[in-house]
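J.: I have a structure I would like to understand better, so I am pasting it below and will then ask my questions one at a time.
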Amino acid sequence: MNIKQIAKDTAKMLQNYLTYQAVKTVLAQLSETNPPLALWLQYFSADKLQDGEPYIEELFREKPDLALRIMIVREHLAQEVAEYLPEMVRTGIMQANMEHRRQHLERSTQLETFDPLSTSQEQATSDPNSEDVL
């Protein structure tokens, strides 16, 4: 297990997600202040937000002011989230793992429900000493 690579991959994924959140924030702002620009950004962003850095580079070529605005919002989100994220991730994983273990334990220890009616019917049909009346 390469911890440094896992950390790099996680940081990249978080960076992409914060870019996505920044675009959503700017879109919400623009929809109130400049609906035509919001519509343009929405169409521009469709299917391009998988990787944040190439998205920002392409947006810089089209509309540098929007690229700068998204970068500022993304940076602000990163600063705000960074303070709480490590503890939230640890706590979230610990709670989720505990819940998965609890559910697994419940499933593995469940007994078959006892249905006396079906059990007595099965015994009657499988009892070789019982006489069939025609």
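All residue names refer to the structure tokens as shown: chains lettered A, B, ... in order, residues numbered from 1 in each chain, ligands numbered from 1 in order.
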Region 69-102 of chain A near region 13-22 of chain A within 6 Å: what's each residue's closest atom pair and its distance in Å to one decimal, counting only C-alpha atoms, ordered by chain then ascending residue number, as JSON lines?
T.:
{"residue": "A:Ile70", "atom": "CA", "partner": "A:Ala22", "partner_atom": "CA", "distance": 5.6}
{"residue": "A:Val73", "atom": "CA", "partner": "A:Ala22", "partner_atom": "CA", "distance": 5.4}
{"residue": "A:Arg74", "atom": "CA", "partner": "A:Ala22", "partner_atom": "CA", "distance": 5.0}
J.: With only C-alpha atoms as the counted atoms, please give the residues lying no more than 12 Å from Lys63 (chain A), apart from itself and same-chain residues fewer than 5 positions off, as a list in words.
T.: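 Skipping anything fewer than 5 positions along the chain leaves Leu37, Trp40, Leu41, Phe44, Tyr55, Ile56, Glu57, Glu58, Leu68, Arg69 and Ile70 of chain A.
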J.: Using C-alpha atoms, can you write the selected residues to a file as an mmCIF file, in the first residue's frame?
T.:
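Generated output (part.cif):
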data_model
loop_
_atom_site.group_PDB
_atom_site.id
_atom_site.type_symbol
_atom_site.label_atom_id
_atom_site.label_comp_id
_atom_site.auth_asym_id
_atom_site.auth_seq_id
_atom_site.Cartn_x
_atom_site.Cartn_y
_atom_site.Cartn_z
ATOM 1 C CA LEU A 37 -24.073 34.066 -18.616
ATOM 2 C CA TRP A 40 -23.599 29.837 -21.111
ATOM 3 C CA LEU A 41 -21.561 28.505 -18.168
ATOM 4 C CA PHE A 44 -19.924 25.075 -21.259
ATOM 5 C CA TYR A 55 -11.755 22.518 -17.214
ATOM 6 C CA ILE A 56 -10.300 25.728 -15.721
ATOM 7 C CA GLU A 57 -7.657 25.929 -18.467
ATOM 8 C CA GLU A 58 -10.326 25.676 -21.166
ATOM 9 C CA LEU A 68 -10.838 33.537 -12.065
ATOM 10 C CA ARG A 69 -14.148 33.743 -10.225
ATOM 11 C CA ILE A 70 -14.427 29.950 -10.003
#
J.: Which residue is closest to Ile72 (chain A)? Choose from A:Lys4, A:Thr25, A:Gln110, A:Met98 and count only C-alpha atoms.
T.: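 Of the candidates, the smallest distance to Ile72 (chain A) is held by A:Thr25.
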J.: Can you list, as a PyMOL selection string, all residues belonging to chain A that DSSP tags as helix (DSSP H, G or I)?
T.: chain A and resi 3-33+35-45+52-62+64-109+116-126
J.: Could you jot down the CA of Glu53 (chain A) to CA of Asn2 (chain A) separation for me, Å, one decimal place?
T.: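 According to the coordinates, CA of Glu53 (chain A) and CA of Asn2 (chain A) are separated by 24.2 Å.
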J.: Identify, on the basis of only C-alpha atoms, every residue whose closest approach to Gln29 (chain A) does not exceed 9 Å; exclude the query and any residue fewer than 5 positions from it along the same chain; express the result as an MDAnalysis selection string.
T.: chainID A and resid 24 34 38
J.: Would you work out the distance separating CA of Leu49 (chain A) from CA of Val23 (chain A), expressed in Å to one decimal?
T.: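 Interatomic distance, CA of Leu49 (chain A) to CA of Val23 (chain A): 8.9 Å.
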J.: How many Å lie between CA of Ser108 (chain A) and CA of Gln95 (chain A), rounded to one decimal?
T.: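 Atom-to-atom, CA of Ser108 (chain A) and CA of Gln95 (chain A) are spaced 19.9 Å apart.
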